[in-house]
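Trainee: Okay, here's the structure, questions in a sec.
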Amino acid sequence: MKKKILSLVVLMSTSLCTFAQNGVGEWSFMPKVGFNFATMTNDNDAGTRTAFTLGGEFGYVATPKVTLSFGAMYSQQGCKGKADGLNGTIKMDYINLPAVAAYRVTDNLSVKAGLQLGFLVNDKVKVSANGVNAEVGLEDSYKAAGMNVSLNKFDLSIPIGVSYDFDNIQLDLRYNAGITKILSAPGGEGTKNSVVQITVGYKLGL
């Protein structure tokens, strides 16, 4: 009888230690900063705009293998292009709210997928030629050119990616695939955001 009780105590202690190590039920906060490599779909002239992103996310350990995160990121997006000797950059900056589920493949490596809401907070076109720069609002530039282009200030996208943890430091690589058309014209396909994002973050326990 004593041996059975001792075995039960050992088993319970082992289970509790495993539960504690995995941190199930714990919350964390992680400030993040990184780079975007952004462009737009359905536009052969669209090049990549390299820009910044920063923000943070709250994480909740749902199971030993699954962590849920809810974040807010300031994200510089858009694209670059060239036409008629002019170099242009479409600057579309968003407040993005990603909700992501991460599945831990190993102790350090996780795969991620989720849904992201984006709200446009800045839209401009920068044009450069012969060392002279000019910048104007995106909608105003289309109107001035006599083009009937609609600008959607809400963006829905699907983030998918991987992350690797070094103790409290996390390196995250993800692709944000746009679902909604952000620029559209009558009879056209419309363009969507397409963003590769690399960030580094530091996890803080709450």
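Chain labels follow the order of the structure tokens: the first chain is A, the next B, and so on; residue numbering restarts at 1 in every chain, and ligands are counted from 1 in their shown order.
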Could you please write out, as a list in words, every residue of chain A that DSSP assigns to alpha helix (DSSP H)?
Mentor: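 Filtering chain A down to alpha helix (DSSP H) leaves Lys2, Lys3, Lys4, Ile5, Leu6, Ser7, Leu8, Val9, Val10, Leu11, Met12, Ser13, Thr14, Ser15, Leu16, Cys17, Thr18, Phe19, Ala20, Gln21, Asn22, Leu138, Glu139, Asp140, Ser141, Tyr142, Lys143 and Ala144 of chain A.
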Trainee: Give me the residues near region 187-195 of chain A as a PyMOL selection string, where near means some atom within 6 Å (using only C-alpha atoms) and where sequence neighbours in that chain fewer than 5 positions away do not count.
Mentor: chain A and resi 37-42+175-178+181-182
Trainee: Write out, as an mmCIF file, in the first residue's frame, the residues just selected, with N, CA and C atoms.
Mentor:
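Printed below is selection.cif as written:
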data_model
loop_
_atom_site.group_PDB
_atom_site.id
_atom_site.type_symbol
_atom_site.label_atom_id
_atom_site.label_comp_id
_atom_site.auth_asym_id
_atom_site.auth_seq_id
_atom_site.Cartn_x
_atom_site.Cartn_y
_atom_site.Cartn_z
ATOM 1 N N PHE A 37 9.016 43.511 -46.152
ATOM 2 C CA PHE A 37 9.340 43.500 -47.577
ATOM 3 C C PHE A 37 7.998 43.410 -48.287
ATOM 4 N N ALA A 38 7.461 44.595 -48.638
ATOM 5 C CA ALA A 38 6.061 44.691 -49.050
ATOM 6 C C ALA A 38 5.931 44.986 -50.534
ATOM 7 N N THR A 39 4.881 44.417 -51.131
ATOM 8 C CA THR A 39 4.512 44.733 -52.500
ATOM 9 C C THR A 39 3.011 44.544 -52.648
ATOM 10 N N MET A 40 2.510 44.619 -53.892
ATOM 11 C CA MET A 40 1.088 44.460 -54.170
ATOM 12 C C MET A 40 0.896 43.443 -55.287
ATOM 13 N N THR A 41 -0.176 42.678 -55.188
ATOM 14 C CA THR A 41 -0.452 41.654 -56.190
ATOM 15 C C THR A 41 -1.100 42.268 -57.429
ATOM 16 N N ASN A 42 -1.119 41.487 -58.502
ATOM 17 C CA ASN A 42 -1.795 41.856 -59.761
ATOM 18 C C ASN A 42 -1.266 43.151 -60.378
ATOM 19 N N TYR A 175 4.547 35.454 -43.539
ATOM 20 C CA TYR A 175 4.033 36.051 -44.771
ATOM 21 C C TYR A 175 2.580 36.443 -44.523
ATOM 22 N N ASN A 176 2.274 37.720 -44.762
ATOM 23 C CA ASN A 176 0.904 38.213 -44.619
ATOM 24 C C ASN A 176 0.263 38.296 -45.998
ATOM 25 N N ALA A 177 -0.634 37.367 -46.264
ATOM 26 C CA ALA A 177 -1.297 37.289 -47.569
ATOM 27 C C ALA A 177 -2.605 38.064 -47.524
ATOM 28 N N GLY A 178 -2.699 39.134 -48.299
ATOM 29 C CA GLY A 178 -3.903 39.955 -48.313
ATOM 30 C C GLY A 178 -5.096 39.237 -48.915
ATOM 31 N N LYS A 181 -9.201 43.581 -51.402
ATOM 32 C CA LYS A 181 -8.597 44.470 -52.399
ATOM 33 C C LYS A 181 -8.395 45.837 -51.749
ATOM 34 N N ILE A 182 -7.180 46.351 -51.839
ATOM 35 C CA ILE A 182 -6.901 47.646 -51.221
ATOM 36 C C ILE A 182 -6.990 48.783 -52.241
#
Trainee: Quick one: of A:Ala102, A:Leu109, A:Leu206, A:Val200, who's nearest to Asp165 (chain A), counting only C-alpha atoms?
Mentor: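 Answer, going by the shortest atom-to-atom distance: A:Leu109.
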Trainee: Closest to Ala185 (chain A) among A:Leu120, A:Val61, A:Leu173, A:Val149, using only C-alpha atoms?
Mentor: A:Val149
Trainee: Phe52 (chain A): which residues within 12 Å, counting only C-alpha atoms, same-chain residues fewer than 3 positions away excluded, as a VMD selection string?
Mentor: chain A and resid 32 to 38 49 55 73 to 78 91 to 94 195 to 199
Trainee: Using only C-alpha atoms, which protein or nucleic acid residues come within 8 Å of Leu151 (chain A)? Drop anything in the same chain fewer than 5 positions from it, and give the result as a PyMOL selection string.
Mentor: chain A and resi 139+182-184
Trainee: Generate a file of the selected residues that holds N, CA and C atoms, formatted as a compact mmCIF listing (two decimals), in the first residue's frame.
Mentor:
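Wrote it out as selection_3.txt, contents follow:
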# COMPACT_ATOMS: atom_id res chain seq x y z
N GLU A 139 -4.93 59.08 -52.78
CA GLU A 139 -6.20 59.33 -53.47
C GLU A 139 -6.11 60.58 -54.34
N ILE A 182 -7.18 46.35 -51.84
CA ILE A 182 -6.90 47.65 -51.22
C ILE A 182 -6.99 48.78 -52.24
N LEU A 183 -6.72 48.46 -53.51
CA LEU A 183 -6.89 49.42 -54.60
C LEU A 183 -7.68 48.73 -55.72
N SER A 184 -8.71 49.37 -56.20
CA SER A 184 -9.51 48.76 -57.26
C SER A 184 -10.05 49.83 -58.19
Trainee: Can you pull out the residues contacting Asn87 (chain A)? Cut-off 8 Å, using only C-alpha atoms, and skip same-chain residues under 3 positions away; I want them as a ChimeraX atom specification.
Mentor: /A:80-83,127-129
Trainee: May I ask for the distance between CA of Gly118 (chain A) and CA of Thr180 (chain A), given in Å to one decimal place?
Mentor: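 Going from CA of Gly118 (chain A) over to CA of Thr180 (chain A), I get 10.2 Å.
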Trainee: Could you pull out the residues in region 24-177 of chain A that DSSP calls strand (DSSP E) from the backbone, as a PyMOL selection string?
Mentor: chain A and resi 27-40+49-61+66-83+86-104+109-129+132-137+150-151+154-166+169-177
Trainee: Considering only C-alpha atoms, state which residue in the set A:Thr48, A:Val132, A:Leu97, A:Tyr103 is at the smallest distance from Phe154 (chain A).
Mentor: A:Leu97
Trainee: With a distance cut-off of 12 Å and only C-alpha atoms, select the neighbouring residues of Val105 (chain A), excluding the residue or stretch itself and same-chain residues fewer than 4 positions from it, and output the selection as a PyMOL selection string.
Mentor: chain A and resi 64-67+109-112+162-165
Trainee: From the set A:Gly205, A:Gly23, A:Pro98, A:Gly47, which residue has the shortest atom-to-atom contact distance to Asp155 (chain A), counting only C-alpha atoms?
Mentor: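 Answer, going by the shortest atom-to-atom distance: A:Pro98.
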Trainee: Return the single residue from A:Leu117, A:Ala62, A:Met147, A:Ile95 that is closest to Ile179 (chain A), with distances computed using only C-alpha atoms.
Mentor: A:Leu117
Trainee: Pick the closest to Leu54 (chain A) from A:Cys79, A:Gln116, A:Trp27, A:Asn96: which is it, counting only C-alpha atoms?
Mentor: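 Among the listed residues, A:Asn96 lies closest to Leu54 (chain A).
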